[in-house]
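Coordinates from query23.txt are shown below (compact mmCIF, N, CA and C atoms).
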# COMPACT_ATOMS: atom_id res chain seq x y z
N MET A 1 111.92 78.15 82.10
CA MET A 1 111.91 79.17 83.13
C MET A 1 110.61 79.11 83.94
N LEU A 2 109.48 78.93 83.26
CA LEU A 2 108.21 78.85 83.99
C LEU A 2 108.15 77.62 84.88
N SER A 3 108.81 76.54 84.47
CA SER A 3 108.78 75.33 85.30
C SER A 3 109.51 75.54 86.62
N LEU A 4 110.36 76.52 86.69
CA LEU A 4 111.06 76.84 87.94
C LEU A 4 110.30 77.89 88.76
N VAL A 5 109.72 78.86 88.08
CA VAL A 5 109.12 80.00 88.77
C VAL A 5 107.73 79.67 89.32
N ILE A 6 106.93 78.89 88.59
CA ILE A 6 105.55 78.64 89.02
C ILE A 6 105.47 77.91 90.36
N PRO A 7 106.25 76.87 90.63
CA PRO A 7 106.17 76.26 91.98
C PRO A 7 106.57 77.22 93.10
N ILE A 8 107.53 78.08 92.84
CA ILE A 8 107.91 79.08 93.85
C ILE A 8 106.76 80.05 94.08
N ALA A 9 106.11 80.47 93.00
CA ALA A 9 104.97 81.38 93.13
C ALA A 9 103.82 80.71 93.86
N PHE A 10 103.57 79.42 93.58
CA PHE A 10 102.54 78.68 94.32
C PHE A 10 102.84 78.68 95.82
N ALA A 11 104.08 78.44 96.18
CA ALA A 11 104.45 78.41 97.59
C ALA A 11 104.28 79.78 98.25
N LEU A 12 104.67 80.84 97.55
CA LEU A 12 104.55 82.18 98.14
C LEU A 12 103.10 82.62 98.26
N VAL A 13 102.28 82.31 97.26
CA VAL A 13 100.86 82.67 97.34
C VAL A 13 100.18 81.81 98.41
N GLY A 14 100.58 80.56 98.55
CA GLY A 14 100.04 79.73 99.62
C GLY A 14 100.39 80.27 100.99
N LEU A 15 101.62 80.75 101.14
CA LEU A 15 102.03 81.38 102.40
C LEU A 15 101.21 82.64 102.67
N ALA A 16 100.98 83.42 101.62
CA ALA A 16 100.16 84.63 101.78
C ALA A 16 98.74 84.27 102.18
N LEU A 17 98.20 83.20 101.60
CA LEU A 17 96.86 82.74 101.99
C LEU A 17 96.82 82.33 103.46
N ALA A 18 97.83 81.61 103.91
CA ALA A 18 97.87 81.16 105.30
C ALA A 18 97.97 82.34 106.27
N LEU A 19 98.81 83.30 105.95
CA LEU A 19 98.95 84.46 106.83
C LEU A 19 97.69 85.33 106.84
N THR A 20 97.05 85.43 105.71
CA THR A 20 95.80 86.20 105.64
C THR A 20 94.68 85.50 106.40
N LEU A 21 94.64 84.17 106.30
CA LEU A 21 93.65 83.42 107.06
C LEU A 21 93.87 83.59 108.55
N TRP A 22 95.12 83.63 108.98
CA TRP A 22 95.41 83.88 110.39
C TRP A 22 94.90 85.25 110.82
N ARG A 23 95.09 86.27 109.97
CA ARG A 23 94.62 87.61 110.29
C ARG A 23 93.09 87.65 110.32
N LEU A 24 92.46 86.86 109.46
CA LEU A 24 91.00 86.80 109.45
C LEU A 24 90.48 86.20 110.75
N LEU A 25 91.15 85.20 111.26
CA LEU A 25 90.67 84.52 112.46
C LEU A 25 90.95 85.30 113.74
N VAL A 26 92.09 85.99 113.83
CA VAL A 26 92.44 86.65 115.08
C VAL A 26 92.48 88.17 114.95
N GLY A 27 91.88 88.70 113.89
CA GLY A 27 91.90 90.16 113.69
C GLY A 27 91.32 90.89 114.88
N PRO A 28 91.93 91.98 115.30
CA PRO A 28 91.45 92.68 116.49
C PRO A 28 90.13 93.42 116.29
N SER A 29 89.81 93.80 115.06
CA SER A 29 88.57 94.54 114.85
C SER A 29 87.84 93.99 113.62
N PRO A 30 86.55 94.28 113.51
CA PRO A 30 85.80 93.81 112.33
C PRO A 30 86.34 94.40 111.02
N ALA A 31 86.85 95.61 111.07
CA ALA A 31 87.41 96.21 109.85
C ALA A 31 88.65 95.44 109.38
N ASP A 32 89.48 94.99 110.31
CA ASP A 32 90.64 94.17 109.96
C ASP A 32 90.22 92.85 109.34
N ARG A 33 89.15 92.28 109.85
CA ARG A 33 88.66 91.01 109.32
C ARG A 33 88.09 91.18 107.91
N ILE A 34 87.41 92.28 107.66
CA ILE A 34 86.88 92.53 106.31
C ILE A 34 88.04 92.75 105.34
N LEU A 35 89.04 93.46 105.75
CA LEU A 35 90.21 93.67 104.90
C LEU A 35 90.94 92.36 104.63
N ALA A 36 91.02 91.49 105.64
CA ALA A 36 91.65 90.18 105.45
C ALA A 36 90.83 89.32 104.49
N LEU A 37 89.51 89.41 104.57
CA LEU A 37 88.65 88.67 103.65
C LEU A 37 88.84 89.15 102.22
N ASP A 38 88.96 90.44 102.04
CA ASP A 38 89.21 91.00 100.71
C ASP A 38 90.57 90.54 100.18
N THR A 39 91.56 90.51 101.04
CA THR A 39 92.88 90.04 100.64
C THR A 39 92.86 88.55 100.30
N LEU A 40 92.03 87.77 101.00
CA LEU A 40 91.88 86.36 100.66
C LEU A 40 91.33 86.19 99.25
N TYR A 41 90.38 87.03 98.87
CA TYR A 41 89.85 86.96 97.51
C TYR A 41 90.96 87.24 96.49
N VAL A 42 91.75 88.25 96.75
CA VAL A 42 92.82 88.60 95.82
C VAL A 42 93.86 87.48 95.73
N ASN A 43 94.22 86.88 96.86
CA ASN A 43 95.17 85.78 96.85
C ASN A 43 94.61 84.55 96.14
N THR A 44 93.31 84.30 96.30
CA THR A 44 92.69 83.18 95.61
C THR A 44 92.68 83.41 94.11
N ILE A 45 92.45 84.63 93.70
CA ILE A 45 92.51 84.97 92.28
C ILE A 45 93.92 84.74 91.74
N ALA A 46 94.93 85.14 92.48
CA ALA A 46 96.31 84.92 92.06
C ALA A 46 96.62 83.43 91.95
N LEU A 47 96.10 82.65 92.90
CA LEU A 47 96.32 81.21 92.85
C LEU A 47 95.65 80.58 91.63
N LEU A 48 94.44 81.01 91.32
CA LEU A 48 93.76 80.48 90.14
C LEU A 48 94.46 80.88 88.85
N VAL A 49 94.96 82.10 88.78
CA VAL A 49 95.69 82.52 87.58
C VAL A 49 96.97 81.70 87.42
N LEU A 50 97.67 81.46 88.51
CA LEU A 50 98.87 80.62 88.45
C LEU A 50 98.53 79.20 88.01
N LEU A 51 97.42 78.67 88.51
CA LEU A 51 97.01 77.33 88.12
C LEU A 51 96.63 77.29 86.64
N GLY A 52 95.97 78.35 86.16
CA GLY A 52 95.65 78.42 84.75
C GLY A 52 96.88 78.48 83.86
N ILE A 53 97.89 79.21 84.30
CA ILE A 53 99.13 79.26 83.54
C ILE A 53 99.83 77.90 83.56
N HIS A 54 99.84 77.27 84.73
CA HIS A 54 100.51 75.98 84.87
C HIS A 54 99.84 74.89 84.03
N LEU A 55 98.51 74.86 84.04
CA LEU A 55 97.78 73.82 83.30
C LEU A 55 97.42 74.23 81.88
N GLU A 56 97.74 75.47 81.52
CA GLU A 56 97.44 76.01 80.19
C GLU A 56 95.96 75.88 79.84
N SER A 57 95.12 76.35 80.74
CA SER A 57 93.67 76.27 80.56
C SER A 57 93.05 77.64 80.83
N ALA A 58 92.16 78.05 79.94
CA ALA A 58 91.50 79.35 80.10
C ALA A 58 90.34 79.29 81.09
N LEU A 59 89.93 78.10 81.46
CA LEU A 59 88.81 77.95 82.39
C LEU A 59 89.11 78.58 83.75
N TYR A 60 90.33 78.48 84.19
CA TYR A 60 90.71 79.02 85.49
C TYR A 60 90.69 80.55 85.50
N PHE A 61 90.94 81.16 84.35
CA PHE A 61 90.89 82.62 84.26
C PHE A 61 89.45 83.10 84.39
N GLU A 62 88.51 82.36 83.82
CA GLU A 62 87.10 82.72 83.96
C GLU A 62 86.63 82.56 85.40
N ALA A 63 87.10 81.51 86.07
CA ALA A 63 86.77 81.31 87.48
C ALA A 63 87.35 82.44 88.32
N ALA A 64 88.54 82.90 87.97
CA ALA A 64 89.16 84.02 88.70
C ALA A 64 88.33 85.29 88.53
N LEU A 65 87.80 85.51 87.34
CA LEU A 65 86.94 86.69 87.13
C LEU A 65 85.67 86.61 87.96
N LEU A 66 85.07 85.43 88.04
CA LEU A 66 83.86 85.27 88.85
C LEU A 66 84.15 85.49 90.33
N ILE A 67 85.25 84.98 90.82
CA ILE A 67 85.61 85.18 92.22
C ILE A 67 85.89 86.66 92.49
N ALA A 68 86.51 87.34 91.54
CA ALA A 68 86.77 88.77 91.71
C ALA A 68 85.46 89.55 91.81
N LEU A 69 84.50 89.20 90.99
CA LEU A 69 83.21 89.89 91.03
C LEU A 69 82.49 89.63 92.35
N MET A 70 82.45 88.37 92.77
CA MET A 70 81.78 88.05 94.03
C MET A 70 82.52 88.65 95.22
N GLY A 71 83.84 88.68 95.16
CA GLY A 71 84.62 89.26 96.24
C GLY A 71 84.37 90.75 96.39
N PHE A 72 84.28 91.45 95.27
CA PHE A 72 84.02 92.89 95.33
C PHE A 72 82.64 93.16 95.91
N VAL A 73 81.64 92.46 95.43
CA VAL A 73 80.27 92.67 95.92
C VAL A 73 80.18 92.32 97.41
N GLY A 74 80.83 91.23 97.81
CA GLY A 74 80.81 90.84 99.21
C GLY A 74 81.51 91.84 100.12
N THR A 75 82.62 92.38 99.67
CA THR A 75 83.33 93.38 100.46
C THR A 75 82.53 94.66 100.60
N VAL A 76 81.90 95.08 99.53
CA VAL A 76 81.07 96.30 99.60
C VAL A 76 79.90 96.08 100.54
N ALA A 77 79.26 94.91 100.47
CA ALA A 77 78.12 94.64 101.35
C ALA A 77 78.55 94.59 102.82
N LEU A 78 79.68 93.95 103.10
CA LEU A 78 80.15 93.88 104.49
C LEU A 78 80.54 95.26 105.02
N CYS A 79 81.17 96.07 104.21
CA CYS A 79 81.54 97.42 104.65
C CYS A 79 80.31 98.28 104.90
N LYS A 80 79.33 98.14 104.02
CA LYS A 80 78.08 98.90 104.20
C LYS A 80 77.37 98.45 105.48
N TYR A 81 77.38 97.16 105.76
CA TYR A 81 76.77 96.66 106.98
C TYR A 81 77.54 97.15 108.21
N LEU A 82 78.84 97.19 108.12
CA LEU A 82 79.65 97.64 109.25
C LEU A 82 79.43 99.13 109.53
N LEU A 83 79.26 99.92 108.49
CA LEU A 83 79.08 101.36 108.68
C LEU A 83 77.67 101.72 109.13
N ARG A 84 76.66 101.09 108.51
CA ARG A 84 75.29 101.51 108.75
C ARG A 84 74.45 100.52 109.55
N GLY A 85 74.85 99.27 109.60
CA GLY A 85 74.07 98.28 110.29
C GLY A 85 72.98 97.67 109.42
N ASP A 86 72.90 98.11 108.16
CA ASP A 86 71.89 97.59 107.24
C ASP A 86 72.48 97.61 105.84
N ILE A 87 72.18 96.60 105.06
CA ILE A 87 72.74 96.53 103.71
C ILE A 87 71.82 97.20 102.71
N ILE A 88 70.54 96.88 102.79
CA ILE A 88 69.56 97.44 101.85
C ILE A 88 68.84 98.59 102.53
N GLU A 89 68.81 99.71 101.86
CA GLU A 89 68.17 100.89 102.45
C GLU A 89 66.71 100.97 102.06
What would the structure in this file look like if it were written as structure tokens?
Amino acid sequence: MLSLVIPIAFALVGLALALTLWRLLVGPSPADRILALDTLYVNTIALLVLLGIHLESALYFEAALLIALMGFVGTVALCKYLLRGDIIE
């Protein structure tokens, strides 16, 4: 069952990555671009988890955790910069 579902999931997550990248490039406002960047992090995490399941390796799950941490910190910093114009007070 997994041999059938995982390639379909790879294709759908790849499509989500492509559409999110398009929104990142042509987003009408900076807030839309920050939201698209955050969604790119989430889609990348999903892709890494799928790859870890497909290859049966725990290394990809650890990489997904690191990307999640960096994505959260980056999104918070960008939002703070957008609201206040300065990251460090």
Just checking: using only C-alpha atoms, which residue out of A:Leu55, A:Ile88, A:Ala64, A:Val49 ends up closest to Val76 (chain A)? A:Ile88
From the options A:Met70, A:Pro30, A:Thr20, A:Ala46, which residue's atoms come nearest to Leu82 (chain A), counting only C-alpha atoms? A:Pro30
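Going from CA of Ala36 (chain A) to atom N of Pro7 (chain A) covers 24.7 Å.
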Please, what is the axis-aligned box for every listed atom of region 77-89 of chain A with 8 Å on each side, as centre and edge lengths in Å to one decimal, as lines of an AutoDock Vina configuration file?
center_x = 74.1
center_y = 97.8
center_z = 105.4
size_x = 30.8
size_y = 23.8
size_z = 25.8
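With distances restricted to only C-alpha atoms, A:Leu51 is the closest residue to Ala9 (chain A) from A:Thr39, A:Leu66, A:Asp86, A:Leu51.
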Put chain A into a file with C-alpha atoms, as a tab-separated table (two decimals), in the first residue's frame.
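Contents of out-v2.tsv, freshly written:
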chain	number	residue	atom	x	y	z
A	1	MET	CA	0.00	0.00	0.00
A	2	LEU	CA	2.81	2.43	0.84
A	3	SER	CA	4.49	1.71	-2.49
A	4	LEU	CA	1.41	3.13	-4.18
A	5	VAL	CA	0.64	6.04	-1.86
A	6	ILE	CA	4.12	7.53	-1.34
A	7	PRO	CA	4.76	8.48	-5.02
A	8	ILE	CA	1.33	10.13	-5.15
A	9	ALA	CA	2.11	12.04	-1.96
A	10	PHE	CA	5.49	13.11	-3.38
A	11	ALA	CA	3.74	14.48	-6.47
A	12	LEU	CA	1.11	16.35	-4.45
A	13	VAL	CA	3.64	17.86	-2.04
A	14	GLY	CA	5.82	18.82	-5.01
A	15	LEU	CA	2.83	20.55	-6.58
A	16	ALA	CA	2.17	22.36	-3.30
A	17	LEU	CA	5.82	23.47	-3.22
A	18	ALA	CA	5.60	24.81	-6.77
A	19	LEU	CA	2.38	26.74	-6.10
A	20	THR	CA	3.76	28.17	-2.87
A	21	LEU	CA	6.95	29.23	-4.62
A	22	TRP	CA	4.83	31.02	-7.21
A	23	ARG	CA	2.98	32.86	-4.42
A	24	LEU	CA	6.32	33.76	-2.84
A	25	LEU	CA	7.58	35.30	-6.06
A	26	VAL	CA	4.47	37.21	-7.13
A	27	GLY	CA	2.79	37.85	-3.78
A	28	PRO	CA	1.03	41.22	-3.76
A	29	SER	CA	2.19	42.22	-0.28
A	30	PRO	CA	5.11	41.45	2.06
A	31	ALA	CA	2.74	39.71	4.47
A	32	ASP	CA	1.67	37.30	1.70
A	33	ARG	CA	5.30	36.57	0.94
A	34	ILE	CA	6.09	35.83	4.60
A	35	LEU	CA	3.11	33.50	4.79
A	36	ALA	CA	4.25	31.77	1.59
A	37	LEU	CA	7.74	31.35	3.06
A	38	ASP	CA	6.26	29.78	6.18
A	39	THR	CA	4.19	27.44	4.03
A	40	LEU	CA	7.34	26.50	2.09
A	41	TYR	CA	8.93	25.41	5.36
A	42	VAL	CA	5.93	23.26	6.20
A	43	ASN	CA	5.88	21.68	2.72
A	44	THR	CA	9.62	20.99	2.92
A	45	ILE	CA	9.10	19.28	6.26
A	46	ALA	CA	6.36	17.13	4.73
A	47	LEU	CA	8.66	16.23	1.85
A	48	LEU	CA	11.45	15.22	4.22
A	49	VAL	CA	9.09	13.10	6.32
A	50	LEU	CA	7.85	11.35	3.18
A	51	LEU	CA	11.43	10.74	2.09
A	52	GLY	CA	12.25	9.33	5.52
A	53	ILE	CA	9.32	6.95	5.32
A	54	HIS	CA	10.24	5.93	1.77
A	55	LEU	CA	13.92	5.29	2.57
A	56	GLU	CA	13.22	3.99	6.10
A	57	SER	CA	15.78	6.33	7.66
A	58	ALA	CA	15.44	8.34	10.86
A	59	LEU	CA	17.99	10.90	9.67
A	60	TYR	CA	15.39	12.70	7.56
A	61	PHE	CA	13.09	13.12	10.56
A	62	GLU	CA	15.88	14.89	12.46
A	63	ALA	CA	16.49	17.15	9.46
A	64	ALA	CA	12.76	17.93	9.38
A	65	LEU	CA	12.89	18.96	13.04
A	66	LEU	CA	15.83	21.29	12.38
A	67	ILE	CA	14.06	22.90	9.42
A	68	ALA	CA	10.93	23.35	11.53
A	69	LEU	CA	12.93	25.13	14.22
A	70	MET	CA	14.73	27.40	11.76
A	71	GLY	CA	11.49	28.09	9.90
A	72	PHE	CA	9.70	29.16	13.05
A	73	VAL	CA	12.51	31.47	14.16
A	74	GLY	CA	12.80	32.94	10.66
A	75	THR	CA	9.08	33.59	10.40
A	76	VAL	CA	8.97	35.28	13.79
A	77	ALA	CA	11.96	37.47	12.89
A	78	LEU	CA	10.47	38.49	9.53
A	79	CYS	CA	7.09	39.31	11.09
A	80	LYS	CA	8.75	41.35	13.81
A	81	TYR	CA	10.75	43.23	11.18
A	82	LEU	CA	7.63	43.85	9.12
A	83	LEU	CA	5.70	45.21	12.11
A	84	ARG	CA	8.39	47.29	13.80
A	85	GLY	CA	11.17	47.78	11.28
A	86	ASP	CA	13.71	46.33	13.72
A	87	ILE	CA	14.32	42.79	14.92
A	88	ILE	CA	16.37	43.40	18.06
A	89	GLU	CA	15.04	45.96	20.49
